[in-house]
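Trainee: final_9.txt (compact mmCIF, N, CA and C atoms) pasted underneath:
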```
# COMPACT_ATOMS: atom_id res chain seq x y z
N MET F 31 16.45 -78.88 37.33
CA MET F 31 15.22 -78.29 37.78
C MET F 31 14.13 -78.65 36.77
N ALA F 32 13.07 -79.26 37.24
CA ALA F 32 11.91 -79.57 36.41
C ALA F 32 11.05 -78.32 36.24
N VAL F 33 10.63 -78.08 35.02
CA VAL F 33 9.83 -76.91 34.70
C VAL F 33 8.61 -77.36 33.92
N SER F 34 7.46 -76.75 34.22
CA SER F 34 6.26 -77.03 33.43
C SER F 34 5.64 -75.72 32.98
N LEU F 35 4.93 -75.78 31.85
CA LEU F 35 4.23 -74.63 31.30
C LEU F 35 2.80 -75.06 31.03
N THR F 36 1.86 -74.33 31.63
CA THR F 36 0.43 -74.57 31.41
C THR F 36 -0.15 -73.36 30.73
N VAL F 37 -0.63 -73.53 29.50
CA VAL F 37 -1.23 -72.42 28.77
C VAL F 37 -2.70 -72.36 29.15
N LEU F 38 -3.08 -71.25 29.77
CA LEU F 38 -4.47 -71.05 30.19
C LEU F 38 -5.29 -70.36 29.10
N ALA F 39 -4.65 -69.53 28.30
CA ALA F 39 -5.33 -68.84 27.20
C ALA F 39 -4.28 -68.29 26.25
N SER F 40 -4.61 -68.32 24.96
CA SER F 40 -3.71 -67.78 23.96
C SER F 40 -4.54 -67.27 22.79
N GLY F 41 -4.55 -65.97 22.60
CA GLY F 41 -5.30 -65.40 21.49
C GLY F 41 -5.68 -63.97 21.75
N SER F 42 -6.39 -63.40 20.81
CA SER F 42 -6.73 -61.98 20.89
C SER F 42 -7.71 -61.64 22.01
N ARG F 43 -8.38 -62.64 22.57
CA ARG F 43 -9.30 -62.40 23.69
C ARG F 43 -8.62 -62.51 25.05
N GLY F 44 -7.34 -62.91 25.06
CA GLY F 44 -6.61 -62.97 26.31
C GLY F 44 -5.50 -63.99 26.27
N ASN F 45 -4.39 -63.64 26.91
CA ASN F 45 -3.23 -64.51 26.99
C ASN F 45 -2.84 -64.69 28.44
N CYS F 46 -2.53 -65.93 28.81
CA CYS F 46 -2.12 -66.21 30.18
C CYS F 46 -1.56 -67.63 30.23
N SER F 47 -0.36 -67.77 30.80
CA SER F 47 0.27 -69.07 30.97
C SER F 47 0.88 -69.14 32.36
N LEU F 48 1.01 -70.35 32.87
CA LEU F 48 1.64 -70.56 34.18
C LEU F 48 2.94 -71.31 33.98
N LEU F 49 4.04 -70.70 34.40
CA LEU F 49 5.37 -71.30 34.35
C LEU F 49 5.71 -71.73 35.77
N SER F 50 6.00 -73.03 35.94
CA SER F 50 6.19 -73.55 37.30
C SER F 50 7.48 -74.35 37.43
N SER F 51 8.09 -74.23 38.59
CA SER F 51 9.18 -75.10 39.02
C SER F 51 8.79 -75.61 40.41
N ALA F 52 9.69 -76.29 41.05
CA ALA F 52 9.39 -76.83 42.38
C ALA F 52 9.08 -75.73 43.40
N HIS F 53 9.69 -74.55 43.23
CA HIS F 53 9.57 -73.51 44.25
C HIS F 53 8.98 -72.19 43.75
N THR F 54 8.78 -72.05 42.44
CA THR F 54 8.37 -70.77 41.88
C THR F 54 7.27 -70.98 40.85
N ARG F 55 6.23 -70.15 40.92
CA ARG F 55 5.13 -70.21 39.96
C ARG F 55 4.87 -68.80 39.44
N ILE F 56 4.98 -68.63 38.13
CA ILE F 56 4.87 -67.33 37.51
C ILE F 56 3.76 -67.35 36.46
N LEU F 57 2.83 -66.41 36.59
CA LEU F 57 1.86 -66.21 35.52
C LEU F 57 2.52 -65.30 34.49
N VAL F 58 2.53 -65.74 33.25
CA VAL F 58 3.05 -64.93 32.16
C VAL F 58 1.83 -64.35 31.47
N ASP F 59 1.64 -63.06 31.65
CA ASP F 59 0.51 -62.29 31.15
C ASP F 59 -0.76 -62.54 31.96
N ALA F 60 -1.65 -61.57 31.91
CA ALA F 60 -2.90 -61.62 32.68
C ALA F 60 -4.01 -61.00 31.84
N GLY F 61 -4.22 -61.56 30.66
CA GLY F 61 -5.16 -60.99 29.72
C GLY F 61 -6.61 -61.39 29.93
N LEU F 62 -6.84 -62.38 30.77
CA LEU F 62 -8.20 -62.81 31.10
C LEU F 62 -8.68 -62.06 32.33
N SER F 63 -9.98 -62.11 32.59
CA SER F 63 -10.48 -61.53 33.84
C SER F 63 -9.92 -62.34 35.00
N CYS F 64 -9.92 -61.74 36.16
CA CYS F 64 -9.47 -62.44 37.37
C CYS F 64 -10.26 -63.72 37.56
N ARG F 65 -11.56 -63.62 37.49
CA ARG F 65 -12.44 -64.78 37.70
C ARG F 65 -12.11 -65.90 36.70
N GLU F 66 -11.93 -65.55 35.44
CA GLU F 66 -11.66 -66.56 34.41
C GLU F 66 -10.27 -67.18 34.60
N THR F 67 -9.30 -66.37 34.97
CA THR F 67 -7.96 -66.91 35.22
C THR F 67 -8.00 -67.91 36.37
N LEU F 68 -8.65 -67.55 37.46
CA LEU F 68 -8.74 -68.46 38.61
C LEU F 68 -9.51 -69.72 38.25
N ARG F 69 -10.55 -69.59 37.46
CA ARG F 69 -11.32 -70.76 37.02
C ARG F 69 -10.45 -71.69 36.19
N ARG F 70 -9.67 -71.13 35.28
CA ARG F 70 -8.82 -71.96 34.43
C ARG F 70 -7.66 -72.57 35.21
N LEU F 71 -7.12 -71.87 36.18
CA LEU F 71 -6.10 -72.46 37.04
C LEU F 71 -6.66 -73.68 37.76
N GLN F 72 -7.86 -73.54 38.30
CA GLN F 72 -8.50 -74.65 39.00
C GLN F 72 -8.79 -75.81 38.04
N ALA F 73 -9.30 -75.51 36.86
CA ALA F 73 -9.62 -76.55 35.88
C ALA F 73 -8.36 -77.31 35.44
N ALA F 74 -7.22 -76.63 35.44
CA ALA F 74 -5.95 -77.26 35.06
C ALA F 74 -5.31 -78.00 36.23
N GLY F 75 -5.96 -77.96 37.40
CA GLY F 75 -5.40 -78.63 38.58
C GLY F 75 -4.30 -77.85 39.25
N GLU F 76 -4.25 -76.56 38.98
CA GLU F 76 -3.23 -75.69 39.58
C GLU F 76 -3.87 -74.88 40.70
N GLY F 77 -3.12 -74.61 41.73
CA GLY F 77 -3.64 -73.81 42.83
C GLY F 77 -3.46 -72.33 42.57
N ARG F 78 -3.76 -71.53 43.58
CA ARG F 78 -3.65 -70.07 43.48
C ARG F 78 -2.31 -69.54 43.97
N ASP F 79 -1.41 -70.40 44.35
CA ASP F 79 -0.12 -69.98 44.88
C ASP F 79 0.77 -69.52 43.72
N VAL F 80 0.81 -68.21 43.49
CA VAL F 80 1.57 -67.64 42.38
C VAL F 80 2.59 -66.67 42.96
N SER F 81 3.85 -66.82 42.56
CA SER F 81 4.93 -65.97 43.05
C SER F 81 4.92 -64.59 42.41
N ALA F 82 4.58 -64.55 41.11
CA ALA F 82 4.67 -63.29 40.37
C ALA F 82 3.83 -63.36 39.10
N ILE F 83 3.59 -62.18 38.55
CA ILE F 83 2.94 -62.05 37.24
C ILE F 83 3.90 -61.22 36.38
N VAL F 84 4.28 -61.77 35.23
CA VAL F 84 5.13 -61.05 34.29
C VAL F 84 4.27 -60.66 33.09
N VAL F 85 4.22 -59.38 32.81
CA VAL F 85 3.47 -58.89 31.65
C VAL F 85 4.48 -58.66 30.53
N THR F 86 4.27 -59.35 29.40
CA THR F 86 5.26 -59.35 28.33
C THR F 86 5.27 -58.08 27.49
N HIS F 87 4.10 -57.47 27.27
CA HIS F 87 4.07 -56.24 26.48
C HIS F 87 2.73 -55.54 26.63
N GLU F 88 2.65 -54.35 26.01
CA GLU F 88 1.55 -53.43 26.31
C GLU F 88 0.31 -53.58 25.44
N HIS F 89 -0.18 -54.78 25.27
CA HIS F 89 -1.48 -54.98 24.61
C HIS F 89 -2.49 -55.45 25.66
N SER F 90 -3.72 -54.97 25.54
CA SER F 90 -4.74 -55.28 26.55
C SER F 90 -5.02 -56.78 26.68
N ASP F 91 -4.78 -57.56 25.64
CA ASP F 91 -5.00 -59.01 25.75
C ASP F 91 -3.90 -59.68 26.56
N HIS F 92 -2.95 -58.89 27.06
CA HIS F 92 -1.89 -59.40 27.92
C HIS F 92 -1.99 -58.84 29.34
N PHE F 93 -2.83 -57.81 29.55
CA PHE F 93 -2.95 -57.26 30.91
C PHE F 93 -4.37 -56.87 31.30
N GLY F 94 -5.36 -57.33 30.59
CA GLY F 94 -6.75 -56.94 30.84
C GLY F 94 -7.26 -57.19 32.25
N GLY F 95 -6.85 -58.28 32.87
CA GLY F 95 -7.33 -58.61 34.21
C GLY F 95 -6.28 -58.43 35.29
N LEU F 96 -5.23 -57.70 34.98
CA LEU F 96 -4.06 -57.61 35.85
C LEU F 96 -4.33 -57.08 37.25
N ALA F 97 -4.96 -55.93 37.37
CA ALA F 97 -5.08 -55.27 38.68
C ALA F 97 -5.77 -56.15 39.71
N MET F 98 -6.93 -56.65 39.38
CA MET F 98 -7.67 -57.47 40.33
C MET F 98 -6.95 -58.79 40.62
N LEU F 99 -6.39 -59.40 39.58
CA LEU F 99 -5.68 -60.67 39.75
C LEU F 99 -4.47 -60.50 40.66
N ALA F 100 -3.70 -59.45 40.45
CA ALA F 100 -2.51 -59.20 41.28
C ALA F 100 -2.91 -58.99 42.74
N ARG F 101 -4.00 -58.25 42.96
CA ARG F 101 -4.48 -58.04 44.34
C ARG F 101 -4.95 -59.34 44.96
N LYS F 102 -5.73 -60.10 44.23
CA LYS F 102 -6.29 -61.35 44.74
C LYS F 102 -5.20 -62.37 45.08
N LEU F 103 -4.19 -62.47 44.21
CA LEU F 103 -3.12 -63.44 44.41
C LEU F 103 -1.99 -62.91 45.29
N LYS F 104 -2.03 -61.60 45.59
CA LYS F 104 -0.96 -60.95 46.35
C LYS F 104 0.40 -61.20 45.68
N ALA F 105 0.40 -61.08 44.35
CA ALA F 105 1.59 -61.37 43.55
C ALA F 105 2.28 -60.08 43.12
N THR F 106 3.60 -60.14 43.04
CA THR F 106 4.38 -59.04 42.50
C THR F 106 4.25 -59.05 40.99
N VAL F 107 4.07 -57.88 40.40
CA VAL F 107 3.95 -57.73 38.96
C VAL F 107 5.27 -57.19 38.41
N TYR F 108 5.76 -57.84 37.35
CA TYR F 108 6.98 -57.42 36.67
C TYR F 108 6.60 -56.97 35.26
N MET F 109 7.02 -55.75 34.90
CA MET F 109 6.80 -55.24 33.55
C MET F 109 7.74 -54.07 33.32
N THR F 110 7.90 -53.71 32.05
CA THR F 110 8.74 -52.55 31.73
C THR F 110 7.97 -51.26 32.05
N GLY F 111 8.70 -50.17 32.11
CA GLY F 111 8.08 -48.88 32.35
C GLY F 111 7.08 -48.52 31.27
N ALA F 112 7.41 -48.80 30.01
CA ALA F 112 6.50 -48.49 28.90
C ALA F 112 5.22 -49.31 29.00
N THR F 113 5.34 -50.57 29.37
CA THR F 113 4.16 -51.42 29.53
C THR F 113 3.32 -50.92 30.70
N HIS F 114 3.96 -50.51 31.77
CA HIS F 114 3.25 -49.97 32.93
C HIS F 114 2.47 -48.71 32.55
N GLN F 115 3.09 -47.82 31.78
CA GLN F 115 2.39 -46.61 31.35
C GLN F 115 1.19 -46.94 30.47
N ALA F 116 1.35 -47.90 29.56
CA ALA F 116 0.23 -48.30 28.70
C ALA F 116 -0.89 -48.92 29.53
N TRP F 117 -0.54 -49.71 30.53
CA TRP F 117 -1.54 -50.32 31.40
C TRP F 117 -2.30 -49.22 32.17
N GLN F 118 -1.57 -48.23 32.68
CA GLN F 118 -2.21 -47.14 33.41
C GLN F 118 -3.18 -46.37 32.50
N ARG F 119 -2.76 -46.09 31.27
CA ARG F 119 -3.65 -45.40 30.32
C ARG F 119 -4.90 -46.23 30.07
N SER F 120 -4.73 -47.53 29.91
CA SER F 120 -5.86 -48.43 29.66
C SER F 120 -6.83 -48.43 30.84
N GLU F 121 -6.30 -48.46 32.05
CA GLU F 121 -7.14 -48.44 33.25
C GLU F 121 -7.92 -47.14 33.35
N ARG F 122 -7.26 -46.02 33.08
CA ARG F 122 -7.95 -44.72 33.11
C ARG F 122 -9.02 -44.66 32.03
N HIS F 123 -8.72 -45.20 30.86
CA HIS F 123 -9.68 -45.20 29.75
C HIS F 123 -10.92 -46.02 30.10
N LYS F 124 -10.74 -47.09 30.85
CA LYS F 124 -11.86 -47.93 31.27
C LYS F 124 -12.64 -47.30 32.41
N SER F 125 -12.22 -46.12 32.84
CA SER F 125 -12.85 -45.37 33.93
C SER F 125 -12.81 -46.11 35.26
N LYS F 126 -11.84 -46.97 35.43
CA LYS F 126 -11.72 -47.67 36.71
C LYS F 126 -11.08 -46.77 37.75
N GLY F 127 -10.26 -45.86 37.30
CA GLY F 127 -9.68 -44.89 38.22
C GLY F 127 -8.60 -45.45 39.13
N ASN F 128 -8.47 -46.76 39.24
CA ASN F 128 -7.46 -47.33 40.13
C ASN F 128 -6.38 -47.98 39.29
N SER F 129 -5.39 -47.19 38.91
CA SER F 129 -4.30 -47.73 38.12
C SER F 129 -3.06 -47.91 38.99
N HIS F 130 -3.27 -48.55 40.13
CA HIS F 130 -2.20 -48.78 41.10
C HIS F 130 -2.02 -50.29 41.32
N LEU F 131 -0.78 -50.71 41.39
CA LEU F 131 -0.44 -52.09 41.73
C LEU F 131 0.31 -52.06 43.06
N ASP F 132 -0.13 -52.86 44.02
CA ASP F 132 0.50 -52.87 45.34
C ASP F 132 1.94 -53.36 45.29
N ARG F 133 2.21 -54.34 44.43
CA ARG F 133 3.56 -54.92 44.32
C ARG F 133 3.98 -54.84 42.86
N LEU F 134 4.86 -53.90 42.55
CA LEU F 134 5.30 -53.68 41.18
C LEU F 134 6.82 -53.61 41.12
N GLU F 135 7.39 -54.34 40.19
CA GLU F 135 8.83 -54.27 39.92
C GLU F 135 8.98 -53.90 38.45
N LEU F 136 9.55 -52.73 38.19
CA LEU F 136 9.81 -52.33 36.82
C LEU F 136 11.11 -52.97 36.35
N ILE F 137 11.05 -53.56 35.17
CA ILE F 137 12.21 -54.22 34.59
C ILE F 137 12.60 -53.49 33.31
N THR F 138 13.79 -53.77 32.82
CA THR F 138 14.29 -53.15 31.60
C THR F 138 14.38 -54.19 30.50
N ALA F 139 13.78 -53.90 29.36
CA ALA F 139 13.83 -54.82 28.22
C ALA F 139 15.28 -55.11 27.87
N GLY F 140 15.58 -56.38 27.64
CA GLY F 140 16.92 -56.78 27.26
C GLY F 140 17.86 -57.03 28.43
N ARG F 141 17.42 -56.74 29.65
CA ARG F 141 18.24 -56.98 30.84
C ARG F 141 17.70 -58.17 31.62
N ALA F 142 18.59 -59.01 32.07
CA ALA F 142 18.19 -60.19 32.84
C ALA F 142 17.63 -59.78 34.20
N PHE F 143 16.69 -60.56 34.69
CA PHE F 143 16.16 -60.38 36.05
C PHE F 143 15.78 -61.76 36.55
N SER F 144 15.60 -61.89 37.85
CA SER F 144 15.30 -63.19 38.45
C SER F 144 14.01 -63.14 39.24
N ILE F 145 13.29 -64.25 39.20
CA ILE F 145 12.14 -64.46 40.06
C ILE F 145 12.28 -65.89 40.58
N GLY F 146 12.56 -66.01 41.87
CA GLY F 146 12.71 -67.34 42.46
C GLY F 146 13.72 -68.20 41.71
N ASP F 147 13.28 -69.38 41.25
CA ASP F 147 14.14 -70.31 40.52
C ASP F 147 14.47 -69.85 39.10
N PHE F 148 13.76 -68.85 38.61
CA PHE F 148 13.93 -68.44 37.21
C PHE F 148 14.75 -67.17 37.10
```
Please render this file's structure as structure tokens.
Mentor:
Amino acid sequence: MAVSLTVLASGSRGNCSLLSSAHTRILVDAGLSCRETLRRLQAAGEGRDVSAIVVTHEHSDHFGGLAMLARKLKATVYMTGATHQAWQRSERHKSKGNSHLDRLELITAGRAFSIGDF
């Protein structure tokens, strides 16, 4: 299976990478705004077809643009319960009031899980 990794952003202002195989495309982290993530995907020659978003941990530079991006891409979000709680607190703190994800799969740290080819 051929795999590629496209780093869209890495740093304290936002983290986001695209992990791709022939049949599965996963955004790892969503720390940029939705608009900026989509712009960088386009600039990298990648489309918007994303299977899932995996949030690695509970820092805002890893989930800052998550809610809108997940809705726009209609992607399932994978994260631990602790990361989900931190994300919800962050959303409430920003006064957005909408700390809901339409497609959410809670995972357990240290336990294997699958997304498509991965």
Trainee: May I ask which of the residues F:Cys46, F:Ala39, F:Val33, F:Leu96 is the closest one to Cys64 (chain F), counting all atoms listed in the file?
Mentor: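 Smallest separation from Cys64 (chain F) among the options: F:Leu96.
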Trainee: I'd like the neighbourhood of region 100-108 of chain F as a count of residues only, where a residue qualifies if any of its atoms comes within 8 Å (using all atoms listed in the file), though same-chain residues fewer than 3 positions away should be ignored.
Mentor: 22
Trainee: Extract, using only C-alpha atoms, all DNA, RNA and protein residues at most 8 Å from Gly146 (chain F), discarding same-chain residues fewer than 2 positions from it, and format them as a PDB file with N, CA and C atoms, in the coordinates of the input.
Mentor:
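out_33.pdb written:
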```
ATOM      1  N   HIS F  53       9.690 -74.550  43.230  1.00  0.00           N
ATOM      2  CA  HIS F  53       9.570 -73.510  44.250  1.00  0.00           C
ATOM      3  C   HIS F  53       8.980 -72.190  43.750  1.00  0.00           C
ATOM      4  N   THR F  54       8.780 -72.050  42.440  1.00  0.00           N
ATOM      5  CA  THR F  54       8.370 -70.770  41.880  1.00  0.00           C
ATOM      6  C   THR F  54       7.270 -70.980  40.850  1.00  0.00           C
ATOM      7  N   SER F  81       3.850 -66.820  42.560  1.00  0.00           N
ATOM      8  CA  SER F  81       4.930 -65.970  43.050  1.00  0.00           C
ATOM      9  C   SER F  81       4.920 -64.590  42.410  1.00  0.00           C
ATOM     10  N   SER F 144      15.600 -61.890  37.850  1.00  0.00           N
ATOM     11  CA  SER F 144      15.300 -63.190  38.450  1.00  0.00           C
ATOM     12  C   SER F 144      14.010 -63.140  39.240  1.00  0.00           C
ATOM     13  N   PHE F 148      13.760 -68.850  38.610  1.00  0.00           N
ATOM     14  CA  PHE F 148      13.930 -68.440  37.210  1.00  0.00           C
ATOM     15  C   PHE F 148      14.750 -67.170  37.100  1.00  0.00           C
TER      16      PHE F 148
END
```
Trainee: Can you list, as a list in words, every residue of region 85-125 of chain F that DSSP puts in strand (DSSP E or B)?
Mentor: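 Secondary structure check on region 85-125 of chain F, strand (DSSP E or B): Thr106, Val107, Tyr108, Met109 and Thr110 of chain F.
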Trainee: Go through F:Ala139, F:Leu62, F:Val37, F:Met31 and flag the residue nearest Met109 (chain F), using only C-alpha atoms for the distances.
Mentor: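 Looking at the shortest contact to Met109 (chain F), the residue is F:Ala139.
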Trainee: Find the residues around Ser47 (chain F) up to 10 Å (only C-alpha atoms counted), leave out those fewer than 2 positions away in its own chain, and share them as a JSON list (two decimals) with N, CA and C atoms, keeping the file's coordinate frame.
Mentor:
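Written output follows (out02.json):
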```
[["chain", "number", "residue", "atom", "x", "y", "z"],
["F", 35, "LEU", "N", 4.93, -75.78, 31.85],
["F", 35, "LEU", "CA", 4.23, -74.63, 31.30],
["F", 35, "LEU", "C", 2.80, -75.06, 31.03],
["F", 36, "THR", "N", 1.86, -74.33, 31.63],
["F", 36, "THR", "CA", 0.43, -74.57, 31.41],
["F", 36, "THR", "C", -0.15, -73.36, 30.73],
["F", 37, "VAL", "N", -0.63, -73.53, 29.50],
["F", 37, "VAL", "CA", -1.23, -72.42, 28.77],
["F", 37, "VAL", "C", -2.70, -72.36, 29.15],
["F", 38, "LEU", "N", -3.08, -71.25, 29.77],
["F", 38, "LEU", "CA", -4.47, -71.05, 30.19],
["F", 38, "LEU", "C", -5.29, -70.36, 29.10],
["F", 39, "ALA", "N", -4.65, -69.53, 28.30],
["F", 39, "ALA", "CA", -5.33, -68.84, 27.20],
["F", 39, "ALA", "C", -4.28, -68.29, 26.25],
["F", 40, "SER", "N", -4.61, -68.32, 24.96],
["F", 40, "SER", "CA", -3.71, -67.78, 23.96],
["F", 40, "SER", "C", -4.54, -67.27, 22.79],
["F", 45, "ASN", "N", -4.39, -63.64, 26.91],
["F", 45, "ASN", "CA", -3.23, -64.51, 26.99],
["F", 45, "ASN", "C", -2.84, -64.69, 28.44],
["F", 49, "LEU", "N", 4.04, -70.70, 34.40],
["F", 49, "LEU", "CA", 5.37, -71.30, 34.35],
["F", 49, "LEU", "C", 5.71, -71.73, 35.77],
["F", 50, "SER", "N", 6.00, -73.03, 35.94],
["F", 50, "SER", "CA", 6.19, -73.55, 37.30],
["F", 50, "SER", "C", 7.48, -74.35, 37.43],
["F", 56, "ILE", "N", 4.98, -68.63, 38.13],
["F", 56, "ILE", "CA", 4.87, -67.33, 37.51],
["F", 56, "ILE", "C", 3.76, -67.35, 36.46],
["F", 57, "LEU", "N", 2.83, -66.41, 36.59],
["F", 57, "LEU", "CA", 1.86, -66.21, 35.52],
["F", 57, "LEU", "C", 2.52, -65.30, 34.49],
["F", 58, "VAL", "N", 2.53, -65.74, 33.25],
["F", 58, "VAL", "CA", 3.05, -64.93, 32.16],
["F", 58, "VAL", "C", 1.83, -64.35, 31.47],
["F", 59, "ASP", "N", 1.64, -63.06, 31.65],
["F", 59, "ASP", "CA", 0.51, -62.29, 31.15],
["F", 59, "ASP", "C", -0.76, -62.54, 31.96],
["F", 60, "ALA", "N", -1.65, -61.57, 31.91],
["F", 60, "ALA", "CA", -2.90, -61.62, 32.68],
["F", 60, "ALA", "C", -4.01, -61.00, 31.84],
["F", 61, "GLY", "N", -4.22, -61.56, 30.66],
["F", 61, "GLY", "CA", -5.16, -60.99, 29.72],
["F", 61, "GLY", "C", -6.61, -61.39, 29.93],
["F", 67, "THR", "N", -9.30, -66.37, 34.97],
["F", 67, "THR", "CA", -7.96, -66.91, 35.22],
["F", 67, "THR", "C", -8.00, -67.91, 36.37],
["F", 71, "LEU", "N", -7.12, -71.87, 36.18],
["F", 71, "LEU", "CA", -6.10, -72.46, 37.04],
["F", 71, "LEU", "C", -6.66, -73.68, 37.76],
["F", 83, "ILE", "N", 3.59, -62.18, 38.55],
["F", 83, "ILE", "CA", 2.94, -62.05, 37.24],
["F", 83, "ILE", "C", 3.90, -61.22, 36.38],
["F", 84, "VAL", "N", 4.28, -61.77, 35.23],
["F", 84, "VAL", "CA", 5.13, -61.05, 34.29],
["F", 84, "VAL", "C", 4.27, -60.66, 33.09]]
```
Trainee: When you count all atoms listed in the file, which of these residues is closest to Arg65 (chain F): F:Ile145, F:Lys124, F:His89, F:Met98?
Mentor: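 Among the listed residues, F:Met98 lies closest to Arg65 (chain F).
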Trainee: Could you please determine the separation between atom C of Gly44 (chain F) and atom C of His130 (chain F) in Å, to one decimal place?
Mentor: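 Separating atom C of Gly44 (chain F) from atom C of His130 (chain F) is a distance of 20.6 Å.
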Trainee: Please extract the residues of chain F with a backbone DSSP assignment of alpha helix (DSSP H) and present them as an MDAnalysis selection string.
Mentor: chainID F and resid 64:73 90:93 96:103 111:123
Trainee: If I take CA of Phe93 (chain F) and atom C of Trp117 (chain F), how far is one from the other in Å, to one decimal?
Mentor: 8.2 Å
Trainee: Find, counting only N, CA and C atoms, the residue in F:Ala112, F:Gln72, F:Glu66, F:His92 that gets nearest to Arg43 (chain F).
Mentor: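 Of F:Ala112, F:Gln72, F:Glu66, F:His92, the one nearest Arg43 (chain F), counting only N, CA and C atoms, is F:His92.
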Trainee: Report, in Å with one decimal, the straight-line distance from CA of Leu99 (chain F) to CA of Ser120 (chain F).
Mentor: 15.9 Å
Trainee: If the box runs along x, y and z of the file and leaves 8 Å on each side of region 109-118 of chain F, what are its centre and edge lengths in Å, one decimal, as JSON?
Mentor:
```
{"center_x": 2.8, "center_y": -51.1, "center_z": 31.8, "size_x": 27.9, "size_y": 25.4, "size_z": 22.2}
```
